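Colleague: The following file, start.txt, comprises compact mmCIF, C-alpha atoms:
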```
# COMPACT_ATOMS: atom_id res chain seq x y z
CA MET I 186 -3.60 -25.87 -14.38
CA SER I 187 -5.47 -22.64 -14.98
CA GLN I 188 -4.81 -19.86 -12.46
CA ARG I 189 -8.37 -18.59 -12.63
CA SER I 190 -9.78 -16.47 -9.85
CA VAL I 191 -11.02 -18.31 -6.82
CA PHE I 192 -14.35 -17.65 -5.15
CA LEU I 193 -15.02 -18.92 -1.66
CA PHE I 194 -18.63 -17.80 -1.48
CA GLN I 195 -20.88 -19.03 1.27
CA THR I 196 -23.70 -16.96 -0.15
CA THR I 197 -27.04 -18.27 -1.28
CA TRP I 198 -27.80 -15.18 -3.38
CA ALA I 199 -24.66 -15.27 -5.51
CA ARG I 200 -24.26 -18.72 -7.00
CA TRP I 201 -20.70 -18.44 -8.26
CA ALA I 202 -19.02 -21.85 -8.35
CA LEU I 203 -15.30 -22.51 -7.95
CA PRO I 204 -13.89 -22.48 -11.51
CA ARG I 205 -13.09 -25.84 -13.04
CA GLY I 206 -9.48 -26.98 -12.83
CA ILE I 207 -8.51 -25.32 -9.54
CA SER I 208 -9.29 -26.15 -5.94
CA GLY I 209 -9.12 -24.35 -2.63
CA ALA I 210 -6.20 -26.59 -1.64
CA ALA I 211 -4.27 -25.42 -4.70
CA ILE I 212 -4.59 -21.83 -3.48
CA ALA I 213 -3.33 -22.72 -0.02
CA ALA I 214 -0.31 -24.44 -1.62
CA ALA I 215 0.47 -21.56 -3.98
CA PRO I 216 3.99 -20.11 -3.77
CA ARG I 217 4.69 -17.12 -1.54
CA GLY I 218 4.17 -13.81 -3.26
CA TRP I 219 1.60 -15.25 -5.69
CA PRO I 220 -1.73 -13.47 -5.14
CA GLY I 221 -3.32 -16.56 -3.68
CA GLY I 222 -0.28 -17.61 -1.65
CA SER I 223 0.52 -17.58 2.05
CA MET I 224 -0.80 -14.58 3.94
CA ALA I 225 2.59 -14.28 5.65
CA SER I 226 4.04 -12.92 2.40
CA GLN I 227 1.10 -10.55 1.81
CA PRO I 228 1.02 -6.91 2.95
CA HIS I 229 -1.39 -6.54 5.86
CA SER I 230 -5.00 -6.07 4.82
CA LEU I 231 -6.84 -2.80 5.27
CA SER I 232 -10.18 -2.84 7.07
CA TYR I 233 -13.16 -0.59 6.36
CA VAL I 234 -16.76 -0.30 7.57
CA GLY I 235 -19.79 0.43 5.39
CA CYS I 236 -20.73 0.34 1.71
CA ASN I 237 -19.49 3.81 0.74
CA PHE I 238 -16.60 4.12 -1.75
CA LEU I 239 -16.58 0.38 -2.51
CA ARG I 240 -15.18 0.97 -6.02
CA GLN I 241 -12.34 3.17 -4.76
CA ARG I 242 -11.28 0.53 -2.24
CA LEU I 243 -11.35 -2.39 -4.66
CA VAL I 244 -9.55 -0.50 -7.46
CA LEU I 245 -6.77 0.77 -5.16
CA SER I 246 -6.49 -2.67 -3.56
CA THR I 247 -5.99 -4.22 -7.04
CA LEU I 248 -3.33 -1.68 -8.05
CA SER I 249 -1.43 -1.74 -4.74
CA GLY I 250 -1.74 -5.51 -4.17
CA ARG I 251 -3.01 -4.93 -0.62
CA PRO I 252 -5.94 -7.11 0.52
CA VAL I 253 -8.99 -5.29 1.85
CA LYS I 254 -11.78 -6.31 4.22
CA ILE I 255 -15.06 -4.38 4.29
CA ARG I 256 -17.49 -5.07 7.18
CA LYS I 257 -21.01 -4.00 8.11
CA ILE I 258 -22.18 -3.39 4.53
CA ARG I 259 -25.70 -1.98 5.12
CA ALA I 260 -25.85 -4.17 8.24
CA LYS I 261 -28.70 -2.25 9.87
CA GLU I 262 -30.90 -1.89 6.80
CA GLU I 263 -34.02 -3.88 6.12
CA ASN I 264 -32.32 -5.40 3.06
CA PRO I 265 -28.70 -5.87 4.28
CA GLY I 266 -25.56 -6.65 2.29
CA LEU I 267 -24.25 -5.95 -1.20
CA ARG I 268 -26.64 -4.74 -3.89
CA ASP I 269 -26.91 -6.28 -7.38
CA PHE I 270 -24.85 -3.53 -9.02
CA GLU I 271 -22.04 -3.98 -6.46
CA ALA I 272 -22.06 -7.76 -6.99
CA SER I 273 -21.85 -7.12 -10.73
CA PHE I 274 -18.86 -4.80 -10.15
CA ILE I 275 -17.10 -7.51 -8.12
CA ARG I 276 -17.70 -9.97 -10.98
CA LEU I 277 -16.14 -7.45 -13.39
CA ILE I 278 -13.06 -7.04 -11.17
CA ASP I 279 -12.78 -10.84 -11.11
CA LYS I 280 -12.94 -10.99 -14.93
CA VAL I 281 -10.09 -8.53 -15.47
CA THR I 282 -7.83 -10.12 -12.82
CA ASN I 283 -6.25 -13.55 -12.49
CA GLY I 284 -5.88 -15.23 -9.11
CA SER I 285 -8.14 -12.91 -7.08
CA ARG I 286 -9.67 -14.33 -3.94
CA ILE I 287 -13.07 -13.02 -2.93
CA GLU I 288 -14.99 -14.08 0.16
CA ILE I 289 -18.48 -12.87 1.05
CA ASN I 290 -20.39 -14.00 4.12
CA GLN I 291 -23.90 -15.45 4.03
CA THR I 292 -25.74 -12.15 4.51
CA GLY I 293 -23.46 -10.25 2.11
CA THR I 294 -22.47 -7.75 4.83
CA THR I 295 -18.74 -8.67 4.92
CA LEU I 296 -16.42 -8.74 1.90
CA TYR I 297 -12.78 -9.88 1.84
CA TYR I 298 -10.82 -9.18 -1.34
CA GLN I 299 -7.27 -10.38 -1.99
CA PRO I 300 -6.21 -8.98 -5.38
CA GLY I 301 -4.68 -11.00 -8.19
CA LEU I 302 -2.77 -9.92 -11.28
CA LEU I 303 -4.45 -7.68 -13.85
CA SER I 304 -4.73 -9.86 -16.94
CA GLY I 305 -7.02 -8.00 -19.39
CA GLY I 306 -7.74 -9.56 -22.79
CA VAL I 307 -11.00 -9.72 -24.76
CA LEU I 308 -14.00 -9.76 -22.39
CA GLU I 309 -17.74 -9.19 -22.14
CA HIS I 310 -19.76 -8.08 -19.12
CA ASP I 311 -23.46 -7.54 -18.44
CA CYS I 312 -23.76 -4.56 -16.09
CA SER I 313 -26.60 -4.25 -13.60
CA PRO I 314 -29.42 -2.00 -14.93
CA HIS I 315 -29.59 -0.29 -11.51
CA ARG I 316 -26.46 1.75 -12.36
CA SER I 317 -25.18 2.94 -15.70
CA ILE I 318 -22.17 1.58 -17.61
CA GLY I 319 -20.29 4.72 -16.47
CA TYR I 320 -20.22 3.28 -12.92
CA TYR I 321 -18.16 0.33 -14.19
CA LEU I 322 -16.24 2.26 -16.85
CA GLU I 323 -14.81 4.80 -14.37
CA SER I 324 -12.97 2.00 -12.57
CA LEU I 325 -11.87 0.29 -15.80
CA LEU I 326 -10.25 3.57 -16.90
CA CYS I 327 -8.08 3.40 -13.75
CA LEU I 328 -7.10 -0.25 -14.25
CA ALA I 329 -6.92 -0.72 -18.04
CA PRO I 330 -3.41 0.77 -18.67
CA PHE I 331 -1.83 -1.69 -16.20
CA MET I 332 -3.12 -4.98 -17.62
CA LYS I 333 -0.93 -7.84 -18.87
CA HIS I 334 -2.77 -7.88 -22.22
CA PRO I 335 -4.51 -4.90 -23.87
CA LEU I 336 -8.11 -4.75 -22.67
CA ARG I 337 -11.01 -4.95 -25.11
CA ILE I 338 -14.34 -5.29 -23.35
CA ILE I 339 -18.00 -5.12 -24.38
CA LEU I 340 -20.21 -3.70 -21.61
CA ARG I 341 -23.98 -4.07 -21.78
CA GLY I 342 -26.57 -2.16 -19.74
CA VAL I 343 -27.68 1.45 -19.23
CA THR I 344 -25.53 3.98 -21.16
CA ASN I 345 -27.10 7.20 -19.80
CA ASP I 346 -28.79 7.84 -16.46
CA GLN I 347 -29.13 10.59 -13.84
CA VAL I 348 -26.65 9.17 -11.30
CA ASP I 349 -23.36 8.20 -12.96
CA PRO I 350 -21.24 9.87 -15.65
CA SER I 351 -22.53 8.87 -19.08
CA VAL I 352 -20.39 7.12 -21.67
CA ASP I 353 -20.59 10.29 -23.84
CA VAL I 354 -19.00 12.44 -21.12
CA LEU I 355 -16.29 9.89 -20.27
CA LYS I 356 -15.41 9.60 -23.96
CA ALA I 357 -15.10 13.38 -24.33
CA THR I 358 -13.23 14.12 -21.07
CA ALA I 359 -11.49 11.01 -19.64
CA LEU I 360 -9.87 9.74 -22.87
CA PRO I 361 -8.03 13.05 -23.63
CA LEU I 362 -6.89 13.05 -19.99
CA LEU I 363 -5.38 9.55 -20.29
CA LYS I 364 -3.58 10.67 -23.47
CA LYS I 365 -1.78 13.37 -21.48
CA PHE I 366 -0.20 10.60 -19.38
CA GLY I 367 1.04 8.78 -22.50
CA ILE I 368 -1.82 6.27 -22.74
CA ASP I 369 -2.60 6.41 -26.44
CA GLY I 370 -2.44 4.34 -29.58
CA GLU I 371 -4.47 2.71 -32.32
CA GLY I 372 -6.26 0.35 -29.92
CA PHE I 373 -7.62 3.16 -27.74
CA GLU I 374 -11.36 3.68 -28.22
CA LEU I 375 -14.70 4.02 -26.51
CA LYS I 376 -17.67 3.45 -28.79
CA ILE I 377 -21.42 3.34 -28.17
CA THR I 378 -22.94 0.69 -30.44
CA ARG I 379 -26.39 0.74 -28.76
CA ARG I 380 -27.95 3.22 -26.37
CA GLY I 381 -29.86 2.04 -23.33
CA MET I 382 -31.92 4.18 -20.97
CA PRO I 383 -33.15 3.17 -17.48
CA PRO I 384 -34.95 1.21 -16.18
CA LYS I 385 -34.44 -1.67 -18.66
CA GLY I 386 -31.18 -0.64 -20.35
CA GLY I 387 -30.28 -2.59 -23.47
CA GLY I 388 -27.27 -0.45 -24.40
CA GLU I 389 -23.87 -1.70 -25.53
CA VAL I 390 -20.43 -0.08 -25.33
CA ILE I 391 -17.01 -1.20 -26.61
CA PHE I 392 -13.97 -0.05 -24.62
CA ALA I 393 -10.43 -0.82 -25.75
CA CYS I 394 -7.23 0.42 -24.09
CA PRO I 395 -3.55 -0.32 -24.76
CA VAL I 396 -1.18 -1.21 -21.89
CA ARG I 397 1.68 0.97 -20.69
CA LYS I 398 4.68 0.06 -18.57
CA VAL I 399 5.08 3.52 -17.02
CA LEU I 400 3.15 6.81 -16.97
CA ARG I 401 4.73 10.17 -17.65
CA PRO I 402 4.39 12.97 -15.07
CA ILE I 403 2.31 16.03 -16.00
CA GLN I 404 2.40 19.77 -15.34
CA PHE I 405 -1.16 20.88 -16.03
CA THR I 406 -1.65 24.23 -14.30
CA ASP I 407 -3.04 26.59 -16.95
CA PRO I 408 -6.56 25.69 -18.07
CA GLY I 409 -6.68 28.34 -20.82
CA LYS I 410 -9.81 30.01 -22.17
CA ILE I 411 -12.93 28.34 -23.57
CA LYS I 412 -12.68 28.14 -27.37
CA ARG I 413 -15.56 25.85 -28.35
CA ILE I 414 -18.50 23.87 -27.00
CA ARG I 415 -19.55 20.50 -28.37
CA GLY I 416 -22.38 18.23 -27.28
CA THR I 417 -24.69 15.35 -28.05
CA ALA I 418 -28.48 15.49 -27.74
CA TYR I 419 -29.74 11.91 -27.84
CA SER I 420 -33.22 10.44 -27.99
CA VAL I 421 -34.30 6.78 -28.01
CA ARG I 422 -37.80 5.39 -28.51
CA VAL I 423 -39.28 8.91 -28.56
CA SER I 424 -39.88 11.45 -31.35
CA PRO I 425 -36.62 12.48 -33.10
CA GLN I 426 -37.88 16.07 -32.89
CA ILE I 427 -37.16 16.06 -29.13
CA ALA I 428 -33.39 16.16 -29.74
CA ASN I 429 -33.78 19.27 -31.92
CA ARG I 430 -35.85 20.99 -29.21
CA ILE I 431 -33.11 20.25 -26.64
CA VAL I 432 -30.43 21.72 -28.97
CA ASP I 433 -32.40 24.95 -29.59
CA SER I 434 -32.99 25.60 -25.88
CA ALA I 435 -29.34 24.90 -24.91
CA ARG I 436 -28.05 27.17 -27.69
CA SER I 437 -30.37 30.00 -26.55
CA ILE I 438 -28.16 30.35 -23.44
CA LEU I 439 -24.72 29.34 -24.76
CA ASN I 440 -24.81 31.52 -27.91
CA LYS I 441 -24.63 34.60 -25.67
CA PHE I 442 -21.07 33.63 -24.68
CA ILE I 443 -19.37 31.95 -27.65
CA PRO I 444 -20.20 31.43 -31.33
CA ASP I 445 -18.40 28.11 -31.89
CA ILE I 446 -21.08 25.72 -30.66
CA TYR I 447 -22.09 22.45 -32.31
CA ILE I 448 -24.47 20.00 -30.68
CA TYR I 449 -24.97 16.72 -32.54
CA THR I 450 -28.36 15.03 -32.53
CA ASP I 451 -28.23 11.28 -32.06
CA HIS I 452 -31.49 9.44 -32.63
CA MET I 453 -31.08 5.67 -32.56
CA LYS I 454 -33.75 3.38 -33.98
CA GLY I 455 -34.70 -0.29 -33.76
CA THR I 456 -32.43 -2.65 -31.82
CA SER I 457 -29.78 0.05 -31.26
CA SER I 458 -32.25 2.15 -29.22
CA GLY I 459 -32.32 -0.18 -26.20
CA LYS I 460 -35.39 -1.26 -24.27
CA SER I 461 -36.67 1.95 -22.61
CA PRO I 462 -37.61 5.42 -23.93
CA GLY I 463 -35.69 8.51 -22.90
CA PHE I 464 -33.64 11.52 -23.98
CA GLY I 465 -30.85 13.71 -22.68
CA LEU I 466 -27.99 16.08 -23.40
CA SER I 467 -24.25 16.02 -22.71
CA LEU I 468 -22.15 19.17 -23.22
CA VAL I 469 -18.36 19.58 -23.25
CA ALA I 470 -16.45 22.87 -23.27
CA GLU I 471 -12.90 22.73 -24.68
CA THR I 472 -10.23 25.31 -23.85
CA THR I 473 -7.22 26.61 -25.76
CA ASN I 474 -4.91 24.43 -23.61
CA GLY I 475 -6.77 21.16 -24.03
CA THR I 476 -8.93 21.19 -20.91
CA PHE I 477 -12.37 19.56 -21.19
CA LEU I 478 -15.19 20.57 -18.84
CA SER I 479 -18.46 18.66 -19.01
CA ALA I 480 -22.10 18.72 -17.90
CA GLU I 481 -25.03 16.43 -18.65
CA LEU I 482 -28.69 15.77 -17.90
CA ALA I 483 -31.02 12.88 -18.70
CA SER I 484 -34.80 12.58 -18.60
CA ASN I 485 -36.56 10.77 -15.74
CA PRO I 486 -36.78 6.98 -16.24
CA GLN I 487 -40.07 5.69 -17.66
CA GLY I 488 -42.74 5.58 -14.96
CA GLN I 489 -40.64 7.44 -12.36
CA GLY I 490 -41.07 11.06 -11.33
CA THR I 491 -42.69 13.82 -13.39
CA ALA I 492 -42.13 14.16 -17.13
CA VAL I 493 -39.38 16.61 -18.12
CA LEU I 494 -39.81 19.02 -21.03
CA PRO I 495 -36.96 18.87 -23.58
CA GLU I 496 -36.67 22.69 -23.49
CA GLU I 497 -36.30 22.67 -19.72
CA LEU I 498 -33.66 19.92 -19.86
CA GLY I 499 -31.64 21.83 -22.47
CA LEU I 500 -31.71 25.07 -20.44
CA ASN I 501 -30.75 23.32 -17.19
CA CYS I 502 -27.89 21.41 -18.83
CA ALA I 503 -26.49 24.65 -20.33
CA LYS I 504 -26.61 26.26 -16.86
CA LEU I 505 -24.82 23.24 -15.38
CA LEU I 506 -22.03 23.65 -17.97
CA LEU I 507 -21.66 27.33 -17.08
CA GLU I 508 -21.45 26.31 -13.42
CA GLU I 509 -18.71 23.78 -14.22
CA ILE I 510 -16.81 26.45 -16.19
CA TYR I 511 -17.10 28.79 -13.18
CA ARG I 512 -15.63 26.08 -10.92
CA GLY I 513 -12.93 25.67 -13.56
CA GLY I 514 -9.58 23.97 -13.16
CA CYS I 515 -7.72 21.82 -15.70
CA VAL I 516 -9.90 18.77 -15.03
CA ASP I 517 -13.66 18.73 -14.50
CA SER I 518 -15.18 17.46 -11.25
CA THR I 519 -16.07 14.06 -12.81
CA ASN I 520 -12.42 13.15 -13.47
CA GLN I 521 -10.68 14.63 -10.43
CA SER I 522 -10.03 11.25 -8.81
CA LEU I 523 -8.76 9.75 -12.11
CA VAL I 524 -6.12 12.44 -12.62
CA LEU I 525 -4.96 12.20 -8.98
CA LEU I 526 -4.58 8.42 -9.27
CA LEU I 527 -2.55 8.66 -12.50
CA MET I 528 -0.33 11.34 -10.90
CA THR I 529 0.24 9.02 -7.92
CA LEU I 530 1.20 6.09 -10.16
CA GLY I 531 3.51 8.20 -12.36
CA GLN I 532 7.32 8.23 -12.42
CA PRO I 533 9.16 9.49 -9.30
CA ASP I 534 8.95 13.06 -10.55
CA VAL I 535 6.85 16.08 -9.63
CA SER I 536 3.33 16.24 -11.13
CA LYS I 537 1.05 19.27 -10.76
CA VAL I 538 -2.56 19.87 -11.67
CA LEU I 539 -4.90 22.78 -11.06
CA LEU I 540 -8.40 21.71 -10.00
CA GLY I 541 -11.62 23.48 -9.12
CA PRO I 542 -13.14 22.94 -5.65
CA LEU I 543 -12.58 19.32 -4.56
CA SER I 544 -15.71 17.16 -4.50
CA PRO I 545 -16.43 15.05 -1.37
CA TYR I 546 -15.72 11.92 -3.47
CA THR I 547 -12.26 13.28 -4.37
CA ILE I 548 -11.48 14.17 -0.73
CA GLU I 549 -12.25 10.59 0.33
CA PHE I 550 -10.17 9.33 -2.60
CA LEU I 551 -7.15 11.30 -1.32
CA ARG I 552 -7.56 9.60 2.09
CA HIS I 553 -7.63 6.21 0.39
CA LEU I 554 -4.51 7.04 -1.66
CA ARG I 555 -2.71 7.76 1.60
CA SER I 556 -3.85 4.42 3.09
CA PHE I 557 -2.98 2.25 0.07
CA PHE I 558 0.10 4.01 -1.38
CA GLN I 559 1.35 6.13 1.57
CA ILE I 560 1.30 9.19 -0.66
CA MET I 561 0.18 12.67 0.33
CA PHE I 562 -0.49 15.62 -1.95
CA LYS I 563 0.58 19.18 -1.34
CA ILE I 564 -2.64 21.19 -1.56
CA GLU I 565 -2.46 24.95 -2.19
CA THR I 566 -5.57 27.08 -2.56
CA LYS I 567 -5.42 29.71 -5.28
CA PRO I 568 -7.96 32.48 -4.68
CA SER I 569 -9.19 34.07 -7.90
CA HIS I 570 -8.18 37.74 -7.95
CA GLU I 571 -9.80 38.48 -11.28
CA GLU I 572 -13.55 38.47 -11.68
CA LEU I 573 -13.29 36.49 -14.94
CA GLN I 574 -11.37 33.58 -13.38
CA GLY I 575 -14.35 31.95 -11.65
CA GLY I 576 -14.27 30.22 -8.25
CA GLU I 577 -11.36 29.28 -6.01
CA LYS I 578 -8.86 26.83 -7.45
CA VAL I 579 -6.71 24.16 -5.79
CA LEU I 580 -3.17 23.33 -6.95
CA MET I 581 -2.39 19.66 -6.29
CA THR I 582 1.26 18.59 -6.27
CA CYS I 583 2.79 15.16 -5.68
CA VAL I 584 5.79 13.00 -6.49
CA GLY I 585 4.79 9.77 -8.25
CA ILE I 586 5.56 6.43 -6.61
CA GLY I 587 7.18 5.10 -9.80
CA PHE I 588 4.52 2.42 -10.36
CA SER I 589 5.63 0.01 -13.08
CA ASN I 590 3.42 -2.43 -14.97
CA LEU I 591 5.44 -5.59 -14.39
CA SER I 592 2.77 -7.79 -16.01
CA LYS I 593 3.55 -6.19 -19.38
CA THR I 594 7.05 -7.72 -19.47
CA ILE I 595 5.81 -11.26 -18.77
CA LYS I 596 5.03 -13.15 -21.96
```
Show me, as structure tokens, the structure contained in the file I just sent.
Modeller:
Amino acid sequence: MSQRSVFLFQTTWARWALPRGISGAAIAAAPRGWPGGSMASQPHSLSYVGCNFLRQRLVLSTLSGRPVKIRKIRAKEENPGLRDFEASFIRLIDKVTNGSRIEINQTGTTLYYQPGLLSGGVLEHDCSPHRSIGYYLESLLCLAPFMKHPLRIILRGVTNDQVDPSVDVLKATALPLLKKFGIDGEGFELKITRRGMPPKGGGEVIFACPVRKVLRPIQFTDPGKIKRIRGTAYSVRVSPQIANRIVDSARSILNKFIPDIYIYTDHMKGTSSGKSPGFGLSLVAETTNGTFLSAELASNPQGQGTAVLPEELGLNCAKLLLEEIYRGGCVDSTNQSLVLLLMTLGQPDVSKVLLGPLSPYTIEFLRHLRSFFQIMFKIETKPSHEELQGGEKVLMTCVGIGFSNLSKTIK
């Protein structure tokens, strides 16, 4: 009998049937300790109110094995309940786990999630065009190393937008970060096969990640000095000359600081250019000690807002990169929560990382880490005495909980 994930949906908007070969009674009769088993053997569930930080809660619930209940999701809004992109995220979590139990009430305002085992394997997922693939990929980066089988997934949707980190930035910053924790190997890649811009998307990304039993602790406290800047100026369904105009305007600012700058132009044609026109720029500054700091900008979606000049976009993106360099730290603001999670799950040894000012998202993530894993970080502020060191830094220290990927040993 297949131990596929069980859905007990009473919703009319999400028609997800109970998978063939398993019944609700089978879940009730499951052995204690199995993800669908008796609640008496389960750690007590955590309860939250509101739609904020849904991804954080579901990811940490999956890793810790603690059920979570979220109430009053947009309860007072004209259109209450979960949005399409959140429903799509829940479907993705269901695909990468085995034995998860998900209950949503009729209006979609209450969600109960009892996590299963992370199974991985070869998967495909169609992401909602309302959010970019980065929205889904950020959470997969947290979960992928702890699967039973190495994950290889094809994600389809919007590759670059103005809200979430783009696939280009995650490839340039998050992958080197995972390698520092020992997550590396031949099957570790993130590749854009088709670009898709909002509102219609049409992009495609392949993400593959090997599994690891344990993570090594890190001491990452010296960011080093900027040695080179790399970037990608992309354009789809518009003139290829636009990418060159973006590069020239970005270089007009960055060349004043450093000579080693190379910005690739990526103009995709035909089916690989997605369904909507657009252009944008992603920049990454690399330091002598292997720190990657990123910034990016994308044009307004077709038919929304005023048209953006390529020159203006290039200048603004270069200024955003300089701002990120001023904030500094060993990890850029996009990946702060990822590095803190991997430190938490590391071996019972001291891990340290120097960050720039903590973003509100990271601060809430630290609160969630305390709730799910009972771990607290030592936070020391490091005022910058030298003018050249940028803004205030924060030294984050913790002792890992010794998280071990038990699924990896089961054949």
Colleague: Please list, as a list in words, the residues that have an atom at most 9 Å away from (-19.6, -7.0, 1.3) in the coordinates of this file, counting all atoms listed in the file.
Modeller: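 The residues near that point, listed by chain and number, are Gly235, Cys236, Leu239, Lys254, Ile255, Arg256, Lys257, Ile258, Arg259, Gly266, Leu267, Glu271, Ala272, Glu288, Ile289, Asn290, Thr292, Gly293, Thr294, Thr295, Leu296 and Tyr297 of chain I.
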Colleague: Calculated over only C-alpha atoms, which of the candidates I:Asp279, I:Asp346, I:Glu309, I:Asp269 has the smallest distance to Pro383 of chain I?
Modeller: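 Going through I:Asp279, I:Asp346, I:Glu309, I:Asp269 one by one, the smallest distance to Pro383 of chain I is for I:Asp346.
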Colleague: Just checking: using only C-alpha atoms, which residue out of I:Pro495, I:Thr282, I:Ile586, I:Leu375 ends up closest to His334 of chain I?
Modeller: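 That would be I:Thr282, the residue with the smallest distance to His334 of chain I.
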Colleague: Would you pick out the contacts of Pro425 of chain I at 9 Å or less, using all atoms listed in the file, so that residues sharing its chain but fewer than 5 positions from it are not included, and give the list as a PyMOL selection string?
Modeller: chain I and resi 419-420+450-453
Colleague: Edge lengths and centre, in Å to one decimal, as JSON: that's what I need for the box along x, y and z that holds all listed atoms of segment 299-317 of chain I plus 5 Å on each side.
Modeller:
```
{"center_x": -16.2, "center_y": -4.0, "center_z": -13.4, "size_x": 36.8, "size_y": 23.9, "size_z": 32.8}
```
Colleague: Nearest to Leu527 of chain I among I:Gly499, I:Ser434, I:Ala359, I:Gly386, with distances taken over all atoms listed in the file: which residue is it?
Modeller: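 Once distances to Leu527 of chain I are computed over all atoms listed in the file, the minimum belongs to I:Ala359.
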Colleague: Using only C-alpha atoms for the distances, tell me which of I:Thr582, I:Asp517, I:Met528, I:Ala480 is nearest to Leu505 of chain I.
Modeller: I:Ala480
Colleague: I'd like to know which of I:Val348, I:Ile278, I:Leu328, I:Ala470 is closest to Ile446 of chain I, using all atoms listed in the file.
Modeller: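 Under the stated criterion, the closest residue is I:Ala470.
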